[in-house]
Amino acid sequence: MTSQPQPAVHPAGKASFFGWWRWRRLEGYLFIAPWLIGFVAFVLGPFLASFFLSFADWNLVRPPTWVGLEHYRTMFTNDPKYIKSFVNTVYFTVFHVPLILVVALFIALLLNRQLPGIGVFRTLFYLPSVTAGVATAILWRFIFNYHYGLLNQAIGLVGIDGPNWLGSTKWAMPAFIIMSTWGFGSLMVLYLAGLQGVPRELYEAAEIDGATAWDKLLNVTIPMMSPVIFFTMIMTIIGSFQIFTAAFVMTEGGPADATLFYILYLYRSAFQWLRIGYASAMAWILFLVILALTLIQLKLSRRWVFYAGEELT
């Protein structure tokens with residue numbers, strides 16, 4: 001049996017096909033052009049410009065002057081405020097991240113029940129997280145007021161004289177850490193979604209084996225929730241290093257630089273003192289710190305993050 005000869009492709013048809021293919025690609029680029037233009041103009045462009053300016057001295061008036069590594073050397077050897085702002089930010093992050101993760105998970109566990117009106121309670125707990133940052137800062141400034149604040153009045157009912165929260169170098173940072181739990185709503189929603197994705201069969205099998213509620217939490221809920229916990233931990237750490245609004249509105253970095261956070265000091269360097277080059281160098285150091293922390297977490301996540309389809313070790 002002889003095979004039939006295949007018809008040859010006409011050169012004009014081949015050229016027509018490649019012309020159509022090129023036009024379809026051009027259409028694709030035209031559709032994403034608004035995003036590409038915005039990305040280059042507002043993300044990639046400033047990103048590269050800040051890298052160059054971190055090696056230059058510029059005050060927005062005269063042309064940039066190349067200074068090499070002078071800004072980086074000044075930050076670590078001749079700028080106590082920079083070191084103070086970095087230490088304050090790390091201090092806040094160390095206490096804020098585990099606190100808000102635990103609070104959000106605890107509230108999510110309480111709200112992960114099929115009860116009448118549970119949707120109302122979920123909405124009420126989520127509402128504070130959508131409050132504007134400035135409004136939240138003003139609200140908490142009244143709560144922490146030494147003379148007529150709600151917090152001092154509440155603990156005064158049990159005979160405790162409340163501290164001067166925002167006016168004391170000892171209590172200003174704890175006040176910010178307490179306030180930071182106000183925005184747990186977004187994390188709570190993610191945890192609720194994760195909890196509702198845990199198979200009921202796992203809990204039933206654990207109950208048959210005689211597991212207590214605590215055993216089910218440690219051996220079923222947390223391992224199955226570990227990807228969500230991992231994601232929220234990374235995002236919370238990134239966010240905690242970028243705290244700005246609350247300190248800017250409530251204390252302006254005081255008292256005695258006790259709440260001088262990294263981004264607040266960067267803002268002052270750039271827009272109050274017009275040290276654009278120095279602020280750019282600070283931004284790149286922050287970028288490297290967050291990148292290093294994220295890579296470390298990705299490396300450590302192999303030991304405790306469990307994904308569906310994998311075997312627990």
# chains A, B, ... in the order shown; residues from 1 in each chain; ligands from 1
>>> residues_around(residues="Asn152 of chain A", least_positions_apart="3", cutoff="9 Å", atoms="only C-alpha atoms", output="list of chain:residue names")
A:Ile143, A:Phe144, A:Asn145, A:Tyr146, A:His147, A:Tyr148, A:Gly149, A:Ile155, A:Gly156, A:Leu157, A:Ile160, A:Asp161, A:Gly162, A:Pro163, A:Asn164
>>> residues_around(residues="Ala246 of chain A", least_positions_apart="2", cutoff="12 Å", atoms="only C-alpha atoms", output="MDAnalysis selection string")
chainID A and resid 132:141 166 172:173 175:177 179:180 182 240 242:244 248:254 259:261 263:264
>>> write_last_selection(atoms="N, CA and C atoms", output="mmCIF file, in the first residue's frame")
data_model
loop_
_atom_site.group_PDB
_atom_site.id
_atom_site.type_symbol
_atom_site.label_atom_id
_atom_site.label_comp_id
_atom_site.auth_asym_id
_atom_site.auth_seq_id
_atom_site.Cartn_x
_atom_site.Cartn_y
_atom_site.Cartn_z
ATOM 1 N N ALA A 132 -9.398 53.375 57.811
ATOM 2 C CA ALA A 132 -8.242 54.111 57.291
ATOM 3 C C ALA A 132 -7.154 54.228 58.353
ATOM 4 N N GLY A 133 -5.887 54.184 57.907
ATOM 5 C CA GLY A 133 -4.774 54.202 58.846
ATOM 6 C C GLY A 133 -4.729 55.442 59.713
ATOM 7 N N VAL A 134 -5.003 56.607 59.128
ATOM 8 C CA VAL A 134 -4.971 57.855 59.896
ATOM 9 C C VAL A 134 -6.088 57.861 60.934
ATOM 10 N N ALA A 135 -7.288 57.422 60.542
ATOM 11 C CA ALA A 135 -8.406 57.373 61.480
ATOM 12 C C ALA A 135 -8.107 56.423 62.636
ATOM 13 N N THR A 136 -7.510 55.290 62.334
ATOM 14 C CA THR A 136 -7.142 54.337 63.383
ATOM 15 C C THR A 136 -6.124 54.945 64.338
ATOM 16 N N ALA A 137 -5.132 55.651 63.799
ATOM 17 C CA ALA A 137 -4.110 56.266 64.643
ATOM 18 C C ALA A 137 -4.715 57.321 65.565
ATOM 19 N N ILE A 138 -5.623 58.137 65.034
ATOM 20 C CA ILE A 138 -6.263 59.157 65.869
ATOM 21 C C ILE A 138 -7.111 58.506 66.954
ATOM 22 N N LEU A 139 -7.821 57.444 66.610
ATOM 23 C CA LEU A 139 -8.636 56.732 67.597
ATOM 24 C C LEU A 139 -7.782 56.197 68.734
ATOM 25 N N TRP A 140 -6.682 55.545 68.391
ATOM 26 C CA TRP A 140 -5.831 54.959 69.432
ATOM 27 C C TRP A 140 -5.071 56.023 70.216
ATOM 28 N N ARG A 141 -4.842 57.169 69.607
ATOM 29 C CA ARG A 141 -4.219 58.254 70.371
ATOM 30 C C ARG A 141 -5.131 58.698 71.513
ATOM 31 N N LEU A 166 1.961 57.051 75.471
ATOM 32 C CA LEU A 166 2.647 57.655 74.333
ATOM 33 C C LEU A 166 3.666 58.714 74.735
ATOM 34 N N ALA A 172 5.876 53.532 75.155
ATOM 35 C CA ALA A 172 5.434 53.926 73.813
ATOM 36 C C ALA A 172 5.442 52.739 72.852
ATOM 37 N N MET A 173 6.512 51.961 72.855
ATOM 38 C CA MET A 173 6.565 50.815 71.942
ATOM 39 C C MET A 173 5.549 49.737 72.309
ATOM 40 N N ALA A 175 2.724 50.241 73.534
ATOM 41 C CA ALA A 175 1.444 50.785 73.067
ATOM 42 C C ALA A 175 1.242 50.506 71.581
ATOM 43 N N PHE A 176 2.280 50.678 70.787
ATOM 44 C CA PHE A 176 2.167 50.404 69.355
ATOM 45 C C PHE A 176 1.950 48.916 69.097
ATOM 46 N N ILE A 177 2.572 48.059 69.883
ATOM 47 C CA ILE A 177 2.394 46.618 69.709
ATOM 48 C C ILE A 177 0.964 46.219 70.045
ATOM 49 N N MET A 179 -1.659 48.204 69.870
ATOM 50 C CA MET A 179 -2.497 48.770 68.811
ATOM 51 C C MET A 179 -2.434 47.938 67.542
ATOM 52 N N SER A 180 -1.312 47.296 67.279
ATOM 53 C CA SER A 180 -1.135 46.562 66.019
ATOM 54 C C SER A 180 -2.091 45.386 65.890
ATOM 55 N N TRP A 182 -5.134 45.519 66.274
ATOM 56 C CA TRP A 182 -6.402 46.047 65.766
ATOM 57 C C TRP A 182 -6.683 45.572 64.345
ATOM 58 N N SER A 240 5.273 44.758 58.816
ATOM 59 C CA SER A 240 5.759 45.328 60.074
ATOM 60 C C SER A 240 7.020 46.162 59.860
ATOM 61 N N GLN A 242 7.379 48.051 57.435
ATOM 62 C CA GLN A 242 6.950 49.246 56.718
ATOM 63 C C GLN A 242 5.982 50.093 57.537
ATOM 64 N N ILE A 243 5.939 49.915 58.840
ATOM 65 C CA ILE A 243 5.046 50.713 59.678
ATOM 66 C C ILE A 243 5.439 52.186 59.586
ATOM 67 N N PHE A 244 4.452 53.034 59.356
ATOM 68 C CA PHE A 244 4.731 54.454 59.180
ATOM 69 C C PHE A 244 3.604 55.337 59.704
ATOM 70 N N PHE A 248 3.755 58.347 62.547
ATOM 71 C CA PHE A 248 3.746 59.703 62.013
ATOM 72 C C PHE A 248 2.614 60.529 62.615
ATOM 73 N N VAL A 249 1.453 59.913 62.840
ATOM 74 C CA VAL A 249 0.295 60.640 63.335
ATOM 75 C C VAL A 249 0.295 60.732 64.857
ATOM 76 N N MET A 250 0.674 59.649 65.536
ATOM 77 C CA MET A 250 0.497 59.578 66.988
ATOM 78 C C MET A 250 1.642 60.203 67.767
ATOM 79 N N THR A 251 2.879 59.927 67.370
ATOM 80 C CA THR A 251 4.016 60.346 68.191
ATOM 81 C C THR A 251 5.080 61.113 67.417
ATOM 82 N N GLU A 252 5.033 61.063 66.073
ATOM 83 C CA GLU A 252 6.063 61.678 65.235
ATOM 84 C C GLU A 252 7.460 61.152 65.589
ATOM 85 N N GLY A 253 7.516 59.905 66.001
ATOM 86 C CA GLY A 253 8.791 59.276 66.325
ATOM 87 C C GLY A 253 9.212 59.389 67.767
ATOM 88 N N GLY A 254 8.529 60.199 68.556
ATOM 89 C CA GLY A 254 8.899 60.383 69.962
ATOM 90 C C GLY A 254 8.237 59.362 70.861
ATOM 91 N N THR A 259 9.819 55.747 69.197
ATOM 92 C CA THR A 259 8.991 55.170 68.137
ATOM 93 C C THR A 259 9.435 55.665 66.759
ATOM 94 N N LEU A 260 10.700 55.952 66.631
ATOM 95 C CA LEU A 260 11.253 56.349 65.336
ATOM 96 C C LEU A 260 11.475 55.086 64.509
ATOM 97 N N PHE A 261 10.510 54.749 63.683
ATOM 98 C CA PHE A 261 10.606 53.550 62.871
ATOM 99 C C PHE A 261 11.386 53.830 61.591
ATOM 100 N N ILE A 263 10.781 53.428 58.288
ATOM 101 C CA ILE A 263 10.161 54.167 57.187
ATOM 102 C C ILE A 263 9.930 55.627 57.560
ATOM 103 N N LEU A 264 9.644 55.886 58.824
ATOM 104 C CA LEU A 264 9.477 57.269 59.264
ATOM 105 C C LEU A 264 10.778 58.043 59.114
#
>>> closest_residue(among="A:Phe306, A:Tyr265, A:Phe125, A:Phe241", to="Leu288 of chain A", atoms="only C-alpha atoms")
A:Phe241
>>> closest_residue(among="A:Tyr72, A:Phe106, A:Gly197, A:Leu202", to="Ile285 of chain A", atoms="only C-alpha atoms")
A:Tyr72
